[in-house]
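Everything on this sheet refers to the single structure shown next.
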Amino acid sequence: MARLQPVRGTHDILGDKAIRFRTIYNIFRSVAERYGHEEIDTPIFEFTETFKRTLGDTSDVVTKEMYTFEDRGGEQVTLRPEYTAGIARAFISNGLQQVMPCKFYSYGPIFRYERPQKGRMRQFHQMDIEILGVPEAQADIEVLAIASDLLNELGIGDHITLELNSLGDPESRNAYRDALIAYFGGYKSQLSEDSLKRLEKNPMRILDSKDEGDRALIENAPRIGDFYNDYTKEFFKEVIGGIEDIGIKYEINDRLVRGLDYYSHTAFEFTTDQLGAQGAVIAGGRYDGLMEMMGGPKTAGIGWAAGMERLAELISEDLLEKSARPVVIAPVGNDAQSMAMKIAHDLRAGGIVVDMAYRGNVGKRMKRANKQGASHAVLIGEAEMARNVAMVKNLDQGSQEEIALDKLASYLAEQRL
RNA sequence: GCGGGUGUAGCUCAGUAGGUUAGAGCGCCAGAUUGUGAUUCUGGAUGUCGCCGGUUCGAAUCCGGUCACUCGCCCCA
């Protein structure tokens, strides 16, 4: 136990947890496909440069959280710390601007070297949604609608708040940025150490600070809404109107920001207060500047990522997909055993879930069948074999009946409806 | 990366003025019942007391370190 432990911040997914993951993923996929999204699966690692370019050299993810290593060929590669960069790269690599718009969904592991905590692991799983090539606000609305539908179908919509903001187009955003630098620049002596650094590299991130001294300053800091130009105002209005029309509740949070330059317009987070410090369950935004920054054609983009582990903690037991109850075959004696395998095979070919009670006397095997949650036990011994029948016991009712082997599949199929 | 809490059987946990072979419930295995399952009864195995080192005649218990989990900071999904 001490020796064979998993790497810090990684977990085995089995049992109840695996069922939760599967349940959530299936709902996610069905919602995404209903919106016309198709599956994309990009490699789990990329050239390190891909992430550095997209995430920026100042972000925490790039500067201290990436799993980066040199492969045997001397290439610097990185386990993906987020989805968007890989999908954007795939878009460019595959020349997908020819087939725009592209609506994708994806699911898989993500890696970040962070201090593990509840809801925060080093290998965790995200579901991802992206729309590429749609600069219109309709994409923003659809992407939010997918998130909202997903949460509702997971039965947790009521416990989650959508916080929404607009970062504006580049013009609005730059004006705001300058105003922030001017404002906080006047209080340098009062800013926390972290925020001082942000002032130079990423002034909008100061708004995220939880430092008490900072918070007082932030209270009176300029508001982004005052810097929106007409286009930005119109765009934001359209997004808000669109989600109101389909009944999505939201709260405007004008302190919700994304520090990186390629973000614009819509930014949002779905958060819950039920997971402690790690409250964001889905987060995303519009990144119209990203493709160009990566060296591709200028292409609008918007998307979000959802944390599988966090959602898995929130959903109710009732939602879980129960696996089908098996029919368990209990042979008695060596001859029956080989025949049992054949019978099992035939039943399985007919779509029936069949398990075997592998060993022991009849009592033991029945006990086994019960433990496996079987609906029926199929008993085959010498007496039955001689007459080409099987004894089929309904484990819920305790009744049993002799059934001819060639009728077994149809009998069970009917019984188990 | 910083600060606090925790670490005993597969699971949930008892077990401190340091004292023989470390406990309970659940679960697991076997038998009562060699052709009939959830009950019941009987019996059994649970284990480097997270790991390494120190103090001591003697450490699950005290001390130091380390690893992991956990809560907060940070960051985010």
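For the structure tokens, the naming scheme is as follows: chains receive sequential letters (A, B, ...) according to their order of presentation, residues are indexed from 1 within each chain, and ligands are indexed from 1 in presentation order.
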> Any idea which chain B residues end up within 12 Å of chain A if we count only C-alpha atoms (C1' of nucleotides), as a list of chain:residue names please?
Replying inline: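 Output check: B:G1, B:C2, B:G7, B:G10, B:C29, B:A30, B:G31, B:U33, B:U34, B:G35, B:U36, B:G37, B:A38, B:G47, B:U48, B:G50, B:C51, B:C67, B:A68, B:C69, B:U70, B:C71, B:G72, B:C73, B:C74, B:C75, B:C76, B:A77.
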> Within 10 Å of Asp149 (chain A), counting only C-alpha atoms (C1' of nucleotides), which residues qualify if same-chain residues fewer than 5 places away don't, as a list in words?
Replying inline: Ile27, Phe28, Val31, Ala32, Val143, Leu144, Leu154, Gly155, Gly157 and Ile248 of chain A
Using the selection just defined, write its residues with C-alpha atoms as a PDB file, in the first residue's frame.
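out.pdb, written as the output of this step:
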ATOM      1  CA  ILE A  27     -25.470  13.026 -21.220  1.00  0.00           C
ATOM      2  CA  PHE A  28     -22.823  15.481 -22.327  1.00  0.00           C
ATOM      3  CA  VAL A  31     -26.576  17.257 -25.530  1.00  0.00           C
ATOM      4  CA  ALA A  32     -23.589  18.296 -27.647  1.00  0.00           C
ATOM      5  CA  VAL A 143     -22.484  27.501 -26.214  1.00  0.00           C
ATOM      6  CA  LEU A 144     -24.109  28.809 -23.043  1.00  0.00           C
ATOM      7  CA  LEU A 154     -27.545  16.362 -14.773  1.00  0.00           C
ATOM      8  CA  GLY A 155     -30.123  17.590 -12.298  1.00  0.00           C
ATOM      9  CA  GLY A 157     -28.891  23.347 -12.578  1.00  0.00           C
ATOM     10  CA  ILE A 248     -31.115  30.815 -18.792  1.00  0.00           C
TER      11      ILE A 248
END
> Quick one: residues within 10 Å of G18 (chain B), only C-alpha atoms (C1' of nucleotides) counted, chain neighbours fewer than 5 positions away excluded, as JSON, numbers by chain?
Replying inline: {"B": [56, 58, 59, 61, 62]}
Could you dump the residues just selected with C-alpha atoms (C1' of nucleotides) as a compact mmCIF listing (two decimals), in the first residue's frame?
# COMPACT_ATOMS: atom_id res chain seq x y z
C1' U B 56 13.24 3.95 25.97
C1' G B 58 9.81 -1.70 26.04
C1' A B 59 6.64 2.70 20.90
C1' U B 61 1.07 5.69 21.61
C1' C B 62 6.57 10.42 22.74
>> Please extract the residues of region 127-257 of chain A with a backbone DSSP assignment of alpha helix (DSSP H) and present them as a ChimeraX atom specification.
In response: /A:137-153,170-185,193-201,212-219,230-245
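Coordinates place CA of Ser375 (chain A) at a distance of 5.8 Å from CA of Val327 (chain A).
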>> What's around Tyr250 (chain A) at 9 Å? Count only C-alpha atoms (C1' of nucleotides), leave out sequence neighbours fewer than 2 positions away in its own chain, and write the answer as a PyMOL selection string.
In response: chain A and resi 161-164+240+243-244+248+252
For the residues selected in the previous step, produce a file with all heavy atoms as a PDB file, in the first residue's frame.
ATOM      1  N   THR A 161     -24.700  28.774 -10.368  1.00  0.00           N
ATOM      2  CA  THR A 161     -24.926  30.133 -10.842  1.00  0.00           C
ATOM      3  C   THR A 161     -24.070  30.407 -12.059  1.00  0.00           C
ATOM      4  O   THR A 161     -22.884  30.059 -12.078  1.00  0.00           O
ATOM      5  CB  THR A 161     -24.493  31.134  -9.738  1.00  0.00           C
ATOM      6  OG1 THR A 161     -25.126  30.760  -8.516  1.00  0.00           O
ATOM      7  CG2 THR A 161     -24.909  32.541 -10.110  1.00  0.00           C
ATOM      8  N   LEU A 162     -24.673  31.013 -13.056  1.00  0.00           N
ATOM      9  CA  LEU A 162     -23.901  31.457 -14.213  1.00  0.00           C
ATOM     10  C   LEU A 162     -23.474  32.901 -13.988  1.00  0.00           C
ATOM     11  O   LEU A 162     -24.313  33.791 -13.826  1.00  0.00           O
ATOM     12  CB  LEU A 162     -24.747  31.360 -15.482  1.00  0.00           C
ATOM     13  CG  LEU A 162     -24.229  32.130 -16.712  1.00  0.00           C
ATOM     14  CD1 LEU A 162     -22.833  31.672 -17.107  1.00  0.00           C
ATOM     15  CD2 LEU A 162     -25.181  31.968 -17.882  1.00  0.00           C
ATOM     16  N   GLU A 163     -22.172  33.108 -13.946  1.00  0.00           N
ATOM     17  CA  GLU A 163     -21.646  34.467 -13.860  1.00  0.00           C
ATOM     18  C   GLU A 163     -21.150  34.855 -15.244  1.00  0.00           C
ATOM     19  O   GLU A 163     -20.418  34.103 -15.880  1.00  0.00           O
ATOM     20  CB  GLU A 163     -20.503  34.534 -12.850  1.00  0.00           C
ATOM     21  CG  GLU A 163     -20.957  34.209 -11.442  1.00  0.00           C
ATOM     22  CD  GLU A 163     -19.813  34.306 -10.449  1.00  0.00           C
ATOM     23  OE1 GLU A 163     -19.018  35.257 -10.555  1.00  0.00           O
ATOM     24  OE2 GLU A 163     -19.706  33.416  -9.592  1.00  0.00           O
ATOM     25  N   LEU A 164     -21.579  36.027 -15.671  1.00  0.00           N
ATOM     26  CA  LEU A 164     -21.363  36.420 -17.052  1.00  0.00           C
ATOM     27  C   LEU A 164     -20.730  37.803 -17.110  1.00  0.00           C
ATOM     28  O   LEU A 164     -21.035  38.673 -16.297  1.00  0.00           O
ATOM     29  CB  LEU A 164     -22.735  36.435 -17.748  1.00  0.00           C
ATOM     30  CG  LEU A 164     -22.809  36.643 -19.238  1.00  0.00           C
ATOM     31  CD1 LEU A 164     -22.129  35.506 -19.974  1.00  0.00           C
ATOM     32  CD2 LEU A 164     -24.276  36.744 -19.661  1.00  0.00           C
ATOM     33  N   ILE A 240     -27.055  38.546 -24.043  1.00  0.00           N
ATOM     34  CA  ILE A 240     -27.932  38.517 -22.876  1.00  0.00           C
ATOM     35  C   ILE A 240     -29.381  38.286 -23.290  1.00  0.00           C
ATOM     36  O   ILE A 240     -30.083  37.451 -22.714  1.00  0.00           O
ATOM     37  CB  ILE A 240     -27.806  39.846 -22.088  1.00  0.00           C
ATOM     38  CG1 ILE A 240     -26.449  39.889 -21.393  1.00  0.00           C
ATOM     39  CG2 ILE A 240     -28.928  39.965 -21.064  1.00  0.00           C
ATOM     40  CD1 ILE A 240     -26.141  41.218 -20.742  1.00  0.00           C
ATOM     41  N   ILE A 243     -29.917  34.556 -24.256  1.00  0.00           N
ATOM     42  CA  ILE A 243     -30.046  33.547 -23.205  1.00  0.00           C
ATOM     43  C   ILE A 243     -31.294  33.797 -22.363  1.00  0.00           C
ATOM     44  O   ILE A 243     -31.892  32.862 -21.850  1.00  0.00           O
ATOM     45  CB  ILE A 243     -28.771  33.442 -22.318  1.00  0.00           C
ATOM     46  CG1 ILE A 243     -28.510  34.714 -21.542  1.00  0.00           C
ATOM     47  CG2 ILE A 243     -27.568  33.058 -23.142  1.00  0.00           C
ATOM     48  CD1 ILE A 243     -27.387  34.553 -20.532  1.00  0.00           C
ATOM     49  N   GLU A 244     -31.695  35.046 -22.276  1.00  0.00           N
ATOM     50  CA  GLU A 244     -32.953  35.314 -21.562  1.00  0.00           C
ATOM     51  C   GLU A 244     -34.121  34.672 -22.297  1.00  0.00           C
ATOM     52  O   GLU A 244     -35.019  34.103 -21.690  1.00  0.00           O
ATOM     53  CB  GLU A 244     -33.177  36.822 -21.413  1.00  0.00           C
ATOM     54  CG  GLU A 244     -32.370  37.429 -20.272  1.00  0.00           C
ATOM     55  CD  GLU A 244     -32.532  38.943 -20.174  1.00  0.00           C
ATOM     56  OE1 GLU A 244     -33.144  39.550 -21.085  1.00  0.00           O
ATOM     57  OE2 GLU A 244     -32.034  39.517 -19.188  1.00  0.00           O
ATOM     58  N   ILE A 248     -32.318  31.078 -19.591  1.00  0.00           N
ATOM     59  CA  ILE A 248     -31.115  30.815 -18.792  1.00  0.00           C
ATOM     60  C   ILE A 248     -30.905  31.957 -17.801  1.00  0.00           C
ATOM     61  O   ILE A 248     -30.865  33.118 -18.185  1.00  0.00           O
ATOM     62  CB  ILE A 248     -29.880  30.671 -19.708  1.00  0.00           C
ATOM     63  CG1 ILE A 248     -30.072  29.484 -20.646  1.00  0.00           C
ATOM     64  CG2 ILE A 248     -28.614  30.514 -18.872  1.00  0.00           C
ATOM     65  CD1 ILE A 248     -28.949  29.322 -21.658  1.00  0.00           C
ATOM     66  N   ILE A 252     -24.594  39.209 -13.822  1.00  0.00           N
ATOM     67  CA  ILE A 252     -23.461  39.909 -14.406  1.00  0.00           C
ATOM     68  C   ILE A 252     -22.397  40.077 -13.327  1.00  0.00           C
ATOM     69  O   ILE A 252     -22.688  40.484 -12.211  1.00  0.00           O
ATOM     70  CB  ILE A 252     -23.870  41.311 -14.898  1.00  0.00           C
ATOM     71  CG1 ILE A 252     -24.955  41.200 -15.979  1.00  0.00           C
ATOM     72  CG2 ILE A 252     -22.649  42.069 -15.420  1.00  0.00           C
ATOM     73  CD1 ILE A 252     -24.468  40.642 -17.281  1.00  0.00           C
TER      74      ILE A 252
END
Can you pull out every residue within 10 Å of region 285-292 of chain A, counting only C-alpha atoms (C1' of nucleotides), but drop anything in the same chain fewer than 6 positions away, and send it as a tab-separated table (two decimals) with C-alpha atoms, in the first residue's frame?
chain	number	residue	atom	x	y	z
A	53	ARG	CA	2.00	30.36	-27.55
A	54	THR	CA	-1.65	30.13	-26.67
A	55	LEU	CA	-1.63	30.41	-22.92
A	84	THR	CA	-8.47	24.84	-26.50
A	85	ALA	CA	-4.87	25.02	-27.64
A	88	ALA	CA	-7.03	25.25	-32.27
A	89	ARG	CA	-3.84	23.57	-33.46
A	91	PHE	CA	-8.01	23.33	-36.76
A	92	ILE	CA	-4.96	24.88	-38.36
A	130	GLU	CA	-15.77	24.71	-29.03
A	131	ILE	CA	-17.31	26.60	-31.91
A	132	LEU	CA	-14.84	27.91	-34.48
A	133	GLY	CA	-15.59	30.36	-37.22
A	134	VAL	CA	-18.72	32.01	-35.87
A	135	PRO	CA	-18.08	35.61	-34.81
A	137	ALA	CA	-23.35	36.28	-30.84
A	139	ALA	CA	-22.42	31.09	-31.07
A	140	ASP	CA	-22.12	32.58	-27.58
A	143	VAL	CA	-22.48	27.50	-26.21
A	144	LEU	CA	-24.11	28.81	-23.04
A	164	LEU	CA	-21.36	36.42	-17.05
A	165	ASN	CA	-19.25	39.29	-18.27
A	166	SER	CA	-18.09	40.90	-21.46
A	167	LEU	CA	-14.46	41.76	-21.94
A	169	ASP	CA	-13.72	43.95	-28.36
A	170	PRO	CA	-10.00	44.81	-28.50
A	257	VAL	CA	-11.93	38.46	-16.29
A	258	ARG	CA	-9.57	36.54	-18.49
A	260	LEU	CA	-4.92	36.89	-21.87
A	261	ASP	CA	-5.04	39.18	-24.85
A	262	TYR	CA	-6.81	36.90	-27.26
A	263	TYR	CA	-9.97	36.78	-25.17
A	264	SER	CA	-12.76	39.13	-26.08
A	265	HIS	CA	-16.44	39.68	-25.47
A	266	THR	CA	-18.18	36.91	-23.58
A	267	ALA	CA	-16.52	35.38	-20.52
A	268	PHE	CA	-18.40	33.17	-18.09
A	269	GLU	CA	-18.22	30.72	-15.23
A	298	LYS	CA	-8.00	34.93	-38.30
A	299	THR	CA	-10.88	32.87	-36.98
A	300	ALA	CA	-13.45	33.54	-34.32
A	301	GLY	CA	-13.78	31.01	-31.51
A	302	ILE	CA	-15.73	30.41	-28.36
A	303	GLY	CA	-15.93	27.47	-26.01
A	304	TRP	CA	-15.85	26.12	-22.53
A	305	ALA	CA	-14.53	23.27	-20.45
> Could you name the residues that touch G25 (chain B) at 12 Å or less, counting only C-alpha atoms (C1' of nucleotides), but leaving out those on the same chain fewer than 3 positions away, as a ChimeraX atom specification?
Replying inline: /B:9,11-14
> What is the distance, in Å and to one decimal place, between CA of Ser93 (chain A) and CA of Pro81 (chain A)?
Replying inline: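 Computed distance, CA of Ser93 (chain A) to CA of Pro81 (chain A), equals 19.6 Å.
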